[in-house]
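> What follows is a structure written as structure tokens; I'll ask about it next.
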Amino acid sequence: MQILFNKPYITGKELYYISRAHEMGRLAGDGDFTANCHHWMEQNSGCSRALLTHSCTAALEMAALLLNIQPGDEVIMPSYTFVSTANAFVLRGAIPIFVDIRPDTLNINEKRIEAAITFRTKAIVPVHYAGVACEMDEIMAIARKHDLFVVEDAAQGVMSKYKGRALGGIGDLGAYSFHETKNVISGEGGALLVNRPDFVRQAEIIREKGTDRSRFFRGEVDKYTWQSAGSSFLPGELIAAFLWAQLQEAESITQTRLSAWNYYHELLAPLEALGLLRRPIIPTECQHNAHMYYILLPEQKDRQSVMDGLKAQQINTVFHYVPLHSSPAGQQLGRVHGNMTNTDALSAQLIRLPLWIGISQTQQERVCSILDNLLMNP
Ligand SMILES: *Cc1c(COP(=O)(O)O)cnc(C)c1O
């Protein structure tokens, strides 16, 4: 029997809320369901304002507009990330400056950031890989010292914490994803978390086509007009209705995923002890959300042969990012600072295992025993 890599989880209330939105006849964005989602994220993260967007990509693009990123500005980020982290800034003419990752969490190496700062640097974009937090205290201290903005790409970090603080709620801005492949989903979807009260008004304007329509709806102005450059970043109410069902279950979604994550961790401990793979490392200050379970193979091991071996037993696994600095666009549009040793080595050795709500312990045991066979008897 086939074991899928991912299976989107449905709470059961999505269609009910969608039908409610339909009955209320309010289908454009910023209706009651959007307000519920905003309120939930504000409560959960402590941000000044949460704004639903149609994707995390859109939230990152909003961030670049909000920070008034200009052509030639430099933005420091890991190369081991999804394309949207860089694209959002490239669209404004900025240059992504890639620095290497830490070997333990595969997050940006905070010790490498300061040396990459120039007079053109505008922002740092830490990416919380697998929902495990970057070293935010140090990153925030560097940013304050050099007067830089911090935009957290917390696409994978909904419900994760760093020293008790929600990811996305620590930098100046944070971006969430509710894409089908994440933990809490709405098909496509995302949010911008605005952590600085002085940015809230402009964020609302950018999201509403450059108008002050949000203030108009709250009765703060008697007509709305074009205020600045902006676009349409808000999702319709049907998406928000779906997401509301998911957010209400976010705690149980996280707990269920954590159980499956912990079970892999336990099952794979013996293989790690034999030096046949490395399991994820979670620093003590990070409470993660079990977004992903990955393994790292030893450098001499051929990853494709292991994935093929799993596939032959109907187990679907996937690798992850091709580092941006080695992609065609990354080479043309970005720049590397320092060596990329960990990025190059670790990205080539990583395999993500099936993890979704509903995967059984028996299925997880099968994944691990086949992995065991493949690694013990090459
Ligand atoms: C998923 C993801 C994104 C993009 O999210 P969308 O909602 O699909 O736009 C951006 N950055 C990271 C790190 C991601 O994992």
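Identifiers in the structure tokens: chain A, B, ... in order shown; residue index from 1 per chain; ligand index from 1 in order shown.
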Using only C-alpha atoms and all ligand atoms, which residues have at least one atom no more than 9 Å from ligand 1? Output them as a PDB file with C-alpha atoms, in the first residue's frame.


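And here's result-v4.pdb as it stands now:
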ATOM      1  CA  THR A  53      -3.217  37.758   2.055  1.00  0.00           C
ATOM      2  CA  HIS A  54      -3.728  35.364  -0.830  1.00  0.00           C
ATOM      3  CA  SER A  55      -0.340  33.725  -0.145  1.00  0.00           C
ATOM      4  CA  CYS A  56       2.836  34.030   1.874  1.00  0.00           C
ATOM      5  CA  THR A  57       4.456  35.174  -1.357  1.00  0.00           C
ATOM      6  CA  ALA A  58       1.996  38.093  -1.392  1.00  0.00           C
ATOM      7  CA  ALA A  59       2.746  38.877   2.254  1.00  0.00           C
ATOM      8  CA  LEU A  60       6.478  39.024   1.479  1.00  0.00           C
ATOM      9  CA  TYR A  80      18.469  27.455   1.423  1.00  0.00           C
ATOM     10  CA  THR A  81      14.876  28.699   1.117  1.00  0.00           C
ATOM     11  CA  PHE A  82      11.872  28.889  -1.175  1.00  0.00           C
ATOM     12  CA  VAL A  83      12.089  31.255  -4.162  1.00  0.00           C
ATOM     13  CA  SER A  84       9.491  33.676  -2.778  1.00  0.00           C
ATOM     14  CA  THR A  85      11.830  34.793   0.017  1.00  0.00           C
ATOM     15  CA  VAL A 127      13.525  31.848   7.340  1.00  0.00           C
ATOM     16  CA  HIS A 128      12.319  29.476  10.069  1.00  0.00           C
ATOM     17  CA  TYR A 129      13.033  26.205   8.304  1.00  0.00           C
ATOM     18  CA  ALA A 130      10.748  23.302   9.217  1.00  0.00           C
ATOM     19  CA  ASP A 153       9.646  34.309   6.605  1.00  0.00           C
ATOM     20  CA  ALA A 154       7.505  32.261   8.977  1.00  0.00           C
ATOM     21  CA  ALA A 155       5.736  30.451   6.126  1.00  0.00           C
ATOM     22  CA  GLN A 156       6.361  27.139   7.910  1.00  0.00           C
ATOM     23  CA  GLY A 157       6.206  28.557  11.414  1.00  0.00           C
ATOM     24  CA  ALA A 175       4.821  36.300   6.846  1.00  0.00           C
ATOM     25  CA  TYR A 176       2.701  33.145   7.228  1.00  0.00           C
ATOM     26  CA  SER A 177       1.634  30.616   4.607  1.00  0.00           C
ATOM     27  CA  PHE A 178      -1.611  28.649   4.580  1.00  0.00           C
ATOM     28  CA  HIS A 179      -0.717  26.784   1.407  1.00  0.00           C
ATOM     29  CA  GLU A 180      -2.050  23.233   1.202  1.00  0.00           C
ATOM     30  CA  THR A 181       1.416  21.827   2.009  1.00  0.00           C
ATOM     31  CA  LYS A 182       1.683  23.671   5.350  1.00  0.00           C
ATOM     32  CA  GLY A 187      -5.496  25.908  -0.243  1.00  0.00           C
ATOM     33  CA  GLU A 188      -3.646  29.069  -1.133  1.00  0.00           C
ATOM     34  CA  GLY A 189      -3.376  31.710   1.557  1.00  0.00           C
ATOM     35  CA  GLY A 190      -1.095  33.672   3.809  1.00  0.00           C
ATOM     36  CA  ALA A 191      -0.840  36.578   6.190  1.00  0.00           C
TER      37      ALA A 191
END

> Can you build me a table of stretch 62-84 of chain A residues sitting at most 12 Å from stretch 136-147 of chain A, with the closest atom pair per residue and its distance in Å to one decimal, using only C-alpha atoms, sorted by chain and residue number, as a tab-separated table?


residue	atom	partner	partner_atom	distance
A:Val75	CA	A:Ala143	CA	11.7
A:Ile76	CA	A:Ala143	CA	10.8
A:Met77	CA	A:Ile139	CA	11.4

> Pick the closest to A:Gln363 from A:Pro298, A:Ile113, A:Glu272, A:Tyr264: which is it, counting only C-alpha atoms?

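With only C-alpha atoms as the atom set, the closest residue is A:Tyr264.
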
> As a PyMOL selection string, please: the residues near A:Leu167 (cut-off 8 Å, only C-alpha atoms, same-chain neighbours under 3 positions excluded).

chain A and resi 45+133+152+154+157-162+170+174

> What does the file look like for those residues with N, CA, C and O atoms, as an mmCIF file, in the first residue's frame?


data_model
loop_
_atom_site.group_PDB
_atom_site.id
_atom_site.type_symbol
_atom_site.label_atom_id
_atom_site.label_comp_id
_atom_site.auth_asym_id
_atom_site.auth_seq_id
_atom_site.Cartn_x
_atom_site.Cartn_y
_atom_site.Cartn_z
ATOM 1 N N SER A 45 -0.077 35.766 18.254
ATOM 2 C CA SER A 45 1.301 36.218 18.016
ATOM 3 C C SER A 45 1.642 37.503 18.753
ATOM 4 O O SER A 45 2.814 37.854 18.854
ATOM 5 N N ALA A 133 12.739 27.795 14.936
ATOM 6 C CA ALA A 133 13.105 29.212 14.928
ATOM 7 C C ALA A 133 14.583 29.464 14.655
ATOM 8 O O ALA A 133 15.457 28.722 15.117
ATOM 9 N N GLU A 152 10.461 38.263 9.063
ATOM 10 C CA GLU A 152 10.514 36.813 9.291
ATOM 11 C C GLU A 152 9.725 36.092 8.211
ATOM 12 O O GLU A 152 8.525 36.331 8.062
ATOM 13 N N ALA A 154 8.035 33.281 8.065
ATOM 14 C CA ALA A 154 7.505 32.261 8.977
ATOM 15 C C ALA A 154 6.462 31.418 8.254
ATOM 16 O O ALA A 154 5.503 30.941 8.865
ATOM 17 N N GLY A 157 6.080 28.405 9.967
ATOM 18 C CA GLY A 157 6.206 28.557 11.414
ATOM 19 C C GLY A 157 4.938 28.854 12.187
ATOM 20 O O GLY A 157 5.020 29.246 13.360
ATOM 21 N N VAL A 158 3.764 28.667 11.595
ATOM 22 C CA VAL A 158 2.525 28.929 12.324
ATOM 23 C C VAL A 158 2.454 27.977 13.528
ATOM 24 O O VAL A 158 2.633 26.766 13.350
ATOM 25 N N MET A 159 2.244 28.525 14.716
ATOM 26 C CA MET A 159 2.164 27.770 15.987
ATOM 27 C C MET A 159 3.526 27.415 16.580
ATOM 28 O O MET A 159 3.584 26.788 17.639
ATOM 29 N N SER A 160 4.612 27.793 15.935
ATOM 30 C CA SER A 160 5.934 27.557 16.523
ATOM 31 C C SER A 160 6.315 28.741 17.400
ATOM 32 O O SER A 160 5.824 29.851 17.208
ATOM 33 N N LYS A 161 7.233 28.477 18.330
ATOM 34 C CA LYS A 161 7.664 29.555 19.216
ATOM 35 C C LYS A 161 9.188 29.587 19.375
ATOM 36 O O LYS A 161 9.858 28.580 19.183
ATOM 37 N N TYR A 162 9.665 30.783 19.711
ATOM 38 C CA TYR A 162 11.072 30.989 20.068
ATOM 39 C C TYR A 162 11.069 31.652 21.439
ATOM 40 O O TYR A 162 10.522 32.756 21.589
ATOM 41 N N ILE A 170 8.052 38.450 15.980
ATOM 42 C CA ILE A 170 9.283 38.922 16.619
ATOM 43 C C ILE A 170 9.976 40.029 15.809
ATOM 44 O O ILE A 170 10.416 41.034 16.359
ATOM 45 N N GLY A 174 6.248 39.829 9.783
ATOM 46 C CA GLY A 174 6.327 38.372 9.648
ATOM 47 C C GLY A 174 5.358 37.919 8.572
ATOM 48 O O GLY A 174 4.344 38.572 8.335
#

> List every residue of stretch 100-261 of chain A that DSSP, applied to the backbone of this structure, assigns to helix (DSSP H, G or I), and report them as number ranges by chain.

A: 110-112, 114-116, 129-131, 136-146, 197-207, 213-217, 237-248, 250-261
